[in-house]
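Listing of upload_13.txt, compact mmCIF, C-alpha atoms
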# COMPACT_ATOMS: atom_id res chain seq x y z
CA MET P 26 28.80 -84.66 -39.22
CA PRO P 27 25.32 -84.71 -37.77
CA ALA P 28 25.46 -81.05 -36.64
CA GLU P 29 26.60 -79.82 -40.02
CA ARG P 30 23.86 -81.80 -41.73
CA MET P 31 21.26 -80.21 -39.46
CA LEU P 32 22.48 -76.62 -40.20
CA ALA P 33 22.57 -77.36 -43.86
CA HIS P 34 18.83 -78.14 -43.87
CA VAL P 35 17.87 -74.86 -41.96
CA PRO P 36 16.33 -72.25 -44.34
CA LEU P 37 18.14 -68.88 -44.18
CA ALA P 38 15.44 -66.76 -45.78
CA PRO P 39 13.38 -66.22 -42.62
CA LEU P 40 16.47 -65.25 -40.67
CA LEU P 41 17.55 -62.64 -43.17
CA THR P 42 14.14 -61.10 -43.68
CA VAL P 43 14.09 -57.34 -42.87
CA PRO P 44 10.86 -56.09 -41.33
CA ASN P 45 8.87 -53.64 -43.37
CA PRO P 46 8.57 -50.22 -41.65
CA SER P 47 5.10 -49.80 -43.02
CA SER P 48 3.89 -52.91 -41.25
CA SER P 49 3.71 -52.02 -37.58
CA SER P 50 1.91 -53.70 -34.76
CA THR P 51 0.72 -50.29 -33.50
CA GLY P 52 -0.99 -49.40 -36.71
CA VAL P 53 -4.24 -51.05 -35.67
CA PRO P 54 -7.19 -48.98 -36.92
CA VAL P 55 -9.43 -47.47 -34.22
CA THR P 56 -12.99 -48.60 -34.64
CA PRO P 57 -16.15 -47.58 -32.83
CA GLN P 58 -16.02 -50.93 -31.10
CA HIS P 59 -12.62 -50.03 -29.57
CA VAL P 60 -13.96 -46.68 -28.29
CA GLU P 61 -16.99 -48.39 -26.83
CA ASN P 62 -14.82 -50.93 -25.05
CA TRP P 63 -12.55 -48.19 -23.61
CA PHE P 64 -15.49 -46.20 -22.24
CA SER P 65 -17.05 -49.35 -20.85
CA ARG P 66 -13.88 -50.02 -18.87
CA HIS P 67 -13.13 -46.40 -17.75
CA GLY P 68 -16.49 -44.64 -17.89
CA SER P 69 -17.39 -45.11 -14.26
CA LEU P 70 -13.97 -43.79 -13.24
CA LEU P 71 -14.34 -40.67 -15.41
CA ILE P 72 -17.85 -40.01 -14.17
CA GLY P 73 -16.78 -40.38 -10.55
CA HIS P 74 -13.75 -38.11 -10.94
CA GLY P 75 -15.66 -35.61 -13.04
CA SER P 76 -18.37 -35.20 -10.44
CA GLN P 77 -15.77 -34.73 -7.70
CA ILE P 78 -13.83 -32.16 -9.73
CA ALA P 79 -17.02 -30.29 -10.63
CA GLY P 80 -18.01 -30.26 -6.96
CA ILE P 81 -14.60 -28.90 -5.92
CA VAL P 82 -14.70 -26.13 -8.57
CA LEU P 83 -18.27 -25.18 -7.64
CA ALA P 84 -17.39 -25.10 -3.94
CA CYS P 85 -14.37 -22.86 -4.62
CA ILE P 86 -16.49 -20.42 -6.64
CA VAL P 87 -19.22 -20.25 -3.98
CA ILE P 88 -16.72 -19.80 -1.13
CA ARG P 89 -14.91 -17.07 -3.08
CA LEU P 90 -18.15 -15.18 -3.70
CA LEU P 91 -19.12 -15.38 -0.03
CA VAL P 92 -15.70 -14.25 1.14
CA ARG P 93 -15.60 -11.33 -1.32
CA LYS P 94 -19.09 -10.28 -0.27
CA SER P 95 -18.10 -10.34 3.40
CA ILE P 96 -14.92 -8.32 2.73
CA ASN P 97 -16.85 -5.72 0.70
CA ARG P 98 -19.42 -5.40 3.48
CA VAL P 99 -16.73 -4.85 6.12
CA VAL P 100 -14.94 -2.29 3.92
CA ARG P 101 -18.15 -0.32 3.31
CA HIS P 102 -19.03 -0.33 7.00
CA THR P 103 -15.53 0.75 8.01
CA THR P 104 -15.50 3.53 5.43
CA LYS P 105 -18.86 4.94 6.52
CA LEU P 106 -17.92 4.81 10.21
CA ALA P 107 -14.54 6.48 9.65
CA GLU P 108 -16.04 9.17 7.40
CA SER P 109 -18.67 10.06 10.01
CA ARG P 110 -16.01 10.30 12.72
CA ALA P 111 -13.73 12.39 10.48
CA SER P 112 -16.50 14.83 9.62
CA THR P 113 -17.35 15.20 13.31
CA LEU P 114 -13.80 15.66 14.56
CA LEU P 115 -12.29 17.68 11.73
CA GLY P 116 -15.21 19.74 10.55
CA GLY P 117 -14.32 21.30 7.21
CA ALA P 118 -11.46 18.87 6.69
CA GLY P 119 -13.88 15.95 6.77
CA LEU P 120 -13.94 15.69 2.97
CA VAL P 121 -10.18 15.12 2.78
CA ALA P 122 -10.25 12.74 5.73
CA GLY P 123 -13.13 10.82 4.17
CA GLU P 124 -11.28 10.44 0.88
CA ARG P 125 -8.18 9.27 2.73
CA THR P 126 -10.18 6.68 4.65
CA ARG P 127 -12.01 5.54 1.52
CA GLN P 128 -8.80 4.94 -0.44
CA ARG P 129 -7.15 3.17 2.49
CA ALA P 130 -10.15 0.90 3.04
CA GLN P 131 -10.44 0.10 -0.67
CA ALA P 132 -6.74 -0.73 -0.92
CA ILE P 133 -6.87 -3.05 2.10
CA GLY P 134 -10.05 -4.65 0.74
CA SER P 135 -8.38 -5.24 -2.62
CA VAL P 136 -5.43 -6.96 -0.95
CA LEU P 137 -7.72 -9.15 1.16
CA ARG P 138 -9.86 -10.12 -1.85
CA SER P 139 -6.83 -11.06 -3.94
CA LEU P 140 -5.28 -13.03 -1.08
CA ALA P 141 -8.52 -14.88 -0.36
CA SER P 142 -8.99 -15.79 -4.04
CA ALA P 143 -5.42 -17.06 -4.33
CA VAL P 144 -5.71 -19.23 -1.22
CA ILE P 145 -9.10 -20.67 -2.19
CA PHE P 146 -8.11 -21.60 -5.74
CA CYS P 147 -4.72 -23.00 -4.68
CA VAL P 148 -6.44 -25.30 -2.20
CA GLY P 149 -8.96 -26.28 -4.88
CA ALA P 150 -6.20 -27.05 -7.38
CA LEU P 151 -4.43 -29.29 -4.85
CA MET P 152 -7.69 -31.12 -4.16
CA VAL P 153 -8.26 -31.71 -7.89
CA ILE P 154 -4.72 -33.05 -8.27
CA SER P 155 -5.25 -35.43 -5.37
CA VAL P 156 -8.49 -36.69 -6.93
CA LEU P 157 -6.74 -37.41 -10.23
CA THR P 158 -3.90 -39.14 -8.34
CA ILE P 159 -1.30 -37.09 -10.19
CA PRO P 160 2.17 -37.01 -8.57
CA ILE P 161 2.48 -33.61 -6.98
CA ALA P 162 6.27 -33.51 -6.53
CA PRO P 163 7.08 -32.72 -10.20
CA ILE P 164 4.38 -30.05 -10.26
CA LEU P 165 5.76 -28.37 -7.16
CA ALA P 166 9.27 -28.47 -8.61
CA SER P 167 8.07 -26.84 -11.83
CA LEU P 168 6.12 -24.20 -9.92
CA SER P 169 9.17 -23.43 -7.79
CA ALA P 170 11.27 -22.83 -10.89
CA VAL P 171 8.60 -20.63 -12.42
CA GLY P 172 8.25 -18.72 -9.13
CA VAL P 173 11.98 -18.04 -8.97
CA ALA P 174 11.99 -16.78 -12.56
CA VAL P 175 8.97 -14.54 -12.01
CA GLY P 176 10.41 -13.26 -8.73
CA LEU P 177 13.68 -12.26 -10.38
CA GLY P 178 11.95 -10.64 -13.34
CA ALA P 179 9.33 -8.73 -11.34
CA ARG P 180 11.44 -7.97 -8.27
CA ASP P 181 10.77 -4.22 -8.31
CA LEU P 182 7.05 -4.74 -8.85
CA ILE P 183 6.84 -7.15 -5.93
CA THR P 184 8.84 -4.75 -3.74
CA ASP P 185 6.50 -1.87 -4.62
CA PHE P 186 3.44 -3.99 -3.87
CA ILE P 187 4.68 -5.25 -0.50
CA SER P 188 5.82 -1.74 0.53
CA GLY P 189 2.42 -0.37 -0.47
CA VAL P 190 0.61 -2.97 1.60
CA PHE P 191 2.63 -2.21 4.74
CA MET P 192 2.36 1.55 4.16
CA ILE P 193 -1.44 1.36 3.92
CA VAL P 194 -1.88 -1.04 6.83
CA GLU P 195 0.39 1.04 9.08
CA ASP P 196 -1.28 4.28 7.89
CA GLN P 197 2.04 6.05 7.36
CA TYR P 198 0.35 8.75 5.26
CA GLY P 199 -2.87 9.31 3.37
CA VAL P 200 -4.73 11.66 1.06
CA GLY P 201 -4.30 15.29 2.12
CA ASP P 202 -1.15 14.72 4.18
CA VAL P 203 1.90 16.91 3.60
CA ILE P 204 4.93 14.63 3.37
CA ASP P 205 8.66 14.96 2.71
CA THR P 206 10.30 11.98 1.00
CA SER P 207 13.73 13.63 0.53
CA GLU P 208 13.02 13.54 -3.21
CA VAL P 209 9.86 15.63 -3.20
CA LYS P 210 7.80 17.55 -0.66
CA GLY P 211 4.12 18.14 -1.19
CA THR P 212 0.53 17.05 -0.59
CA VAL P 213 -0.55 13.46 -1.13
CA GLU P 214 -3.32 13.24 -3.72
CA GLU P 215 -3.65 9.50 -4.21
CA VAL P 216 -2.32 6.40 -2.48
CA GLY P 217 -2.10 3.06 -4.28
CA LEU P 218 -0.50 -0.32 -3.76
CA ARG P 219 2.24 0.44 -6.29
CA ILE P 220 2.60 4.24 -6.55
CA THR P 221 1.84 7.37 -4.54
CA LYS P 222 0.87 10.66 -6.20
CA VAL P 223 2.26 13.82 -4.56
CA ARG P 224 1.71 17.43 -5.73
CA ASP P 225 4.43 19.90 -4.75
CA ALA P 226 4.17 23.63 -4.06
CA ASP P 227 4.65 24.46 -7.76
CA GLY P 228 1.69 22.32 -8.78
CA VAL P 229 3.80 19.52 -10.26
CA ILE P 230 2.44 16.04 -9.56
CA TRP P 231 5.02 13.36 -8.78
CA TYR P 232 4.53 9.61 -9.16
CA LEU P 233 6.56 7.83 -6.48
CA ARG P 234 7.07 4.07 -6.44
CA ASN P 235 6.30 2.78 -2.96
CA GLY P 236 9.32 0.50 -2.99
CA ALA P 237 11.66 3.40 -3.77
CA ILE P 238 10.51 5.53 -0.79
CA LYS P 239 13.11 4.96 1.91
CA ARG P 240 11.93 7.50 4.47
CA VAL P 241 8.88 9.74 4.88
CA GLY P 242 8.35 12.80 7.02
CA ASN P 243 4.65 13.40 7.67
CA GLN P 244 3.71 16.92 8.73
CA SER P 245 0.00 16.13 9.07
CA GLN P 246 -0.13 13.62 11.91
CA GLY P 247 -0.69 14.48 15.56
CA TRP P 248 0.25 18.14 15.92
CA ALA P 249 2.53 20.86 14.56
CA ARG P 250 4.59 23.63 16.12
CA ALA P 251 4.51 27.34 15.26
CA VAL P 252 7.70 29.21 16.17
CA VAL P 253 7.95 33.02 15.99
CA ASP P 254 11.22 34.86 16.68
CA VAL P 255 10.93 38.59 17.43
CA PRO P 256 14.19 40.57 17.11
CA VAL P 257 14.14 43.83 19.09
CA ALA P 258 16.80 46.48 19.63
CA TYR P 259 19.46 45.67 22.21
CA THR P 260 18.43 48.69 24.29
CA GLU P 261 14.77 47.61 24.62
CA ASP P 262 13.38 46.27 27.88
CA VAL P 263 13.10 42.49 27.47
CA GLY P 264 10.51 42.21 30.24
CA LYS P 265 8.27 44.73 28.49
CA VAL P 266 8.65 42.87 25.19
CA ARG P 267 7.71 39.58 26.86
CA GLU P 268 4.56 41.12 28.35
CA ILE P 269 3.48 42.50 24.97
CA MET P 270 4.09 39.16 23.26
CA GLU P 271 2.25 37.21 25.95
CA LEU P 272 -0.75 39.55 25.84
CA THR P 273 -0.91 39.40 22.04
CA ALA P 274 -0.63 35.60 21.99
CA GLY P 275 -3.38 35.33 24.61
CA GLU P 276 -5.70 37.52 22.53
CA LEU P 277 -5.15 35.30 19.49
CA TYR P 278 -5.73 32.17 21.54
CA ASN P 279 -9.02 33.51 22.95
CA ASP P 280 -10.22 34.59 19.51
CA GLU P 281 -13.07 32.22 18.52
CA ALA P 282 -11.92 32.21 14.90
CA TRP P 283 -8.46 30.93 15.90
CA HIS P 284 -9.02 29.02 19.12
CA ASP P 285 -9.66 25.63 17.47
CA ARG P 286 -6.25 25.76 15.75
CA PHE P 287 -4.36 25.56 19.05
CA ILE P 288 -3.51 22.38 20.98
CA ASP P 289 -2.24 22.15 24.55
CA GLY P 290 -3.12 25.67 25.66
CA GLN P 291 -2.14 29.13 24.51
CA PRO P 292 1.28 30.04 23.04
CA LYS P 293 4.23 30.17 25.40
CA ILE P 294 7.01 32.75 25.58
CA LEU P 295 10.25 30.78 25.76
CA GLY P 296 12.41 33.84 26.45
CA VAL P 297 15.58 35.22 24.93
CA GLU P 298 16.77 32.91 22.16
CA SER P 299 19.97 34.74 21.23
CA LEU P 300 21.94 37.91 21.94
CA ASP P 301 23.89 40.18 19.64
CA GLY P 302 25.48 43.57 19.93
CA ALA P 303 22.63 45.15 17.96
CA TYR P 304 19.55 43.07 18.79
CA VAL P 305 17.90 40.53 21.11
CA ILE P 306 15.70 37.70 19.78
CA VAL P 307 12.73 36.65 21.91
CA ARG P 308 11.06 33.36 20.90
CA LEU P 309 7.38 32.46 21.08
CA GLN P 310 6.14 28.90 20.52
CA ALA P 311 2.70 27.35 20.08
CA ARG P 312 1.47 23.81 19.48
CA THR P 313 -1.17 23.75 16.75
CA ALA P 314 -3.31 21.32 14.83
CA PRO P 315 -1.59 19.59 11.87
CA GLN P 316 -0.84 21.92 8.93
CA LYS P 317 -2.07 24.96 10.91
CA ASN P 318 1.31 26.09 12.22
CA PHE P 319 2.17 28.33 9.25
CA GLU P 320 -1.06 30.31 9.27
CA VAL P 321 -0.92 30.69 13.06
CA ALA P 322 2.68 31.93 12.83
CA ARG P 323 1.73 34.46 10.13
CA GLU P 324 -1.17 35.79 12.18
CA LEU P 325 1.01 36.05 15.28
CA ARG P 326 3.65 38.05 13.40
CA ALA P 327 1.03 40.46 12.07
CA ARG P 328 -0.49 41.06 15.52
CA LEU P 329 2.90 41.31 17.22
CA LYS P 330 4.03 43.96 14.76
CA ALA P 331 0.93 46.05 15.45
CA ALA P 332 1.31 45.63 19.23
CA LEU P 333 5.04 46.49 19.21
CA ASP P 334 4.46 49.54 17.01
CA SER P 335 1.74 50.83 19.31
CA ALA P 336 4.06 50.35 22.30
CA ASP P 337 6.95 52.16 20.53
CA VAL P 338 9.18 49.06 20.68
CA GLN P 339 11.82 49.11 17.96
CA VAL P 340 12.12 45.91 15.95
CA ALA P 341 15.73 45.32 14.99
CA SER P 342 17.08 44.32 11.60
CA LEU P 343 19.09 41.09 11.41
CA LYS P 344 21.19 42.26 8.45

Could you take the file, read its structure, and then write that structure out as structure tokens?
Amino acid sequence: MPAERMLAHVPLAPLLTVPNPSSSSTGVPVTPQHVENWFSRHGSLLIGHGSQIAGIVLACIVIRLLVRKSINRVVRHTTKLAESRASTLLGGAGLVAGERTRQRAQAIGSVLRSLASAVIFCVGALMVISVLTIPIAPILASLSAVGVAVGLGARDLITDFISGVFMIVEDQYGVGDVIDTSEVKGTVEEVGLRITKVRDADGVIWYLRNGAIKRVGNQSQGWARAVVDVPVAYTEDVGKVREIMELTAGELYNDEAWHDRFIDGQPKILGVESLDGAYVIVRLQARTAPQKNFEVARELRARLKAALDSADVQVASLK
């Protein structure tokens, strides 16, 4: 048949030939002429993009330097102003107040510098990506996954940092303050973004993570209260005891060495606090400057004892 005759004359060798793996169309050698042709086609594009990227990077660096310089200037000015006010208002306690203000200002400045640098460079990176016309959606997806992983791994560290920032900004406590965190009670020696150093009455220094501090009692803000209870014999004249206590408290209040420790006038006699078959307790109360209540109470007890002894008033035993 004609079709069979035509197939019979077709050579089969070319159809059965297996290509040699070593002979590939991509194995064309790169010559200097190829490189020159590639740069001739894309050189202007690279030069244009390179100049734009260099300009963006340079602008980010200059803006960051200017912002950091401005933040440092504001921090220094704030520190000097607060230190001068503290030394004027607190007298001998100005050194502690100045250190507290210095650490607080430095911590806030550090947060602002880090935040400004992060914002500036993130904006710069997005501008570079837009110049290179790179799809941003895959990059954002990858960054989101990395952010979730880092957030889970450094959860405690992030919690400590955020708690430290709010604690410093809100001025919950500072250097020299006496605080009670339910875990330890003592004097704050250093405040940081991650930890707070507290020294207790035994001289032990404690390192507290800011994120682990759930509540804080600050005994150094505003004012303090000195309370003195005087137990006298049940047979003593309460009116006479009140007069002696009021006179003694007035003398301490008018004493120039002690007058600046009191706030809101001289101590007040509240009256009989409790009654018992063997004694009567009369309470005296005074509002003092922060951390001055204990020394005022001790001085009041010493003077009250001398005044009651001279007036032959018998102090009762509570046992």

Query raised in the report: By how many Å are atom CA of P:Lys105 and atom CA of P:Asp196 apart?
Result: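 These atoms are spaced 17.6 Å apart.
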
Report summary line: Of P:Val171, P:Leu333, P:Val216, P:Val253, the one sitting nearest P:Ile306 when using all atoms listed in the file is P:Val253

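For P:Thr184, the residues within 6 Å (counting all atoms listed in the file, excluding itself and residues fewer than 3 positions away along the chain) are P:Asp181, P:Ile187, P:Gly236.
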
The residues within 12 Å of (-0.7, 20.1, 24.6), using all atoms listed in the file and the coordinates of the file, should be reported as a PDB file with C-alpha atoms, keeping the file's coordinate frame; which are they?
ATOM      1  CA  GLY P 247      -0.690  14.480  15.560  1.00  0.00           C
ATOM      2  CA  TRP P 248       0.250  18.140  15.920  1.00  0.00           C
ATOM      3  CA  ALA P 249       2.530  20.860  14.560  1.00  0.00           C
ATOM      4  CA  ARG P 250       4.590  23.630  16.120  1.00  0.00           C
ATOM      5  CA  ARG P 286      -6.250  25.760  15.750  1.00  0.00           C
ATOM      6  CA  PHE P 287      -4.360  25.560  19.050  1.00  0.00           C
ATOM      7  CA  ILE P 288      -3.510  22.380  20.980  1.00  0.00           C
ATOM      8  CA  ASP P 289      -2.240  22.150  24.550  1.00  0.00           C
ATOM      9  CA  GLY P 290      -3.120  25.670  25.660  1.00  0.00           C
ATOM     10  CA  GLN P 291      -2.140  29.130  24.510  1.00  0.00           C
ATOM     11  CA  PRO P 292       1.280  30.040  23.040  1.00  0.00           C
ATOM     12  CA  LYS P 293       4.230  30.170  25.400  1.00  0.00           C
ATOM     13  CA  GLN P 310       6.140  28.900  20.520  1.00  0.00           C
ATOM     14  CA  ALA P 311       2.700  27.350  20.080  1.00  0.00           C
ATOM     15  CA  ARG P 312       1.470  23.810  19.480  1.00  0.00           C
ATOM     16  CA  THR P 313      -1.170  23.750  16.750  1.00  0.00           C
ATOM     17  CA  ALA P 314      -3.310  21.320  14.830  1.00  0.00           C
TER      18      ALA P 314
END

Requested in this report: List every protein, DNA or RNA residue that has an atom no more than 10 Å from (1.2, -2.2, 0.1) in the file's coordinate frame, counting only C-alpha atoms, and report them as a count of residues only.
Outcome: 23

Query raised in the report: Of the candidates P:Val338, P:Val229, P:Leu157, P:Val241, which one gets nearest to P:Met270 if we count all atoms listed in the file?
Result: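 When distances to P:Met270 are compared using all atoms listed in the file, the smallest one comes from P:Val338.
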
Query raised in the report: Using all atoms listed in the file, which of the listed residues (P:His74, P:Lys239, P:Arg138, P:Arg224) sits closest to P:Asn97?
Result: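 Checking each of P:His74, P:Lys239, P:Arg138, P:Arg224 against P:Asn97, counting all atoms listed in the file, the winner is P:Arg138.
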
How big is the axis-aligned box, and where does its centre sit, when it encloses all atoms of stretch 314-331 of chain P listed in the file and has 6 Å added on every side, reported in Å to one decimal as AutoDock Vina command-line options?
--center_x 0.4 --center_y 32.8 --center_z 13.1 --size_x 19.3 --size_y 38.5 --size_z 20.3

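Nearest residue to P:Ala282 among P:Glu324, P:Ile145, P:Leu177, P:Glu214 is P:Glu324, counting all atoms listed in the file.
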
**Report entry** Given only C-alpha atoms as the counted atoms, nearest of P:Phe319, P:Phe146, P:Trp283, P:Trp231 to P:Cys85
**Finding:** P:Phe146

**Report entry** stretch 264-267 of chain P environment, 12 Å, only C-alpha atoms, sequence neighbours closer than 2 positions dropped, as number ranges by chain
**Finding:** P: 254-262, 269-274, 293-297, 305-309, 329-330, 332-334, 336-340

Query - Contact residues around P:Gln131 with all atoms listed in the file at 9 Å, ignoring same-chain residues under 4 positions, as JSON, numbers by chain - result: {"P": [97, 100, 101, 104, 126, 127, 135, 136]}

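Going from atom CA of P:Ser109 to atom CA of P:Gln244 covers 23.4 Å.
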
Requested in this report: Give the answer as one residue: which of P:Leu277, P:Val213, P:Val203, P:Val99 has the shortest atom-to-atom distance to P:Ser245, using all atoms listed in the file?
Outcome: P:Val203

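Counting from atom CA of P:Asp202, the distance to atom CA of P:Asp285 is 19.2 Å.
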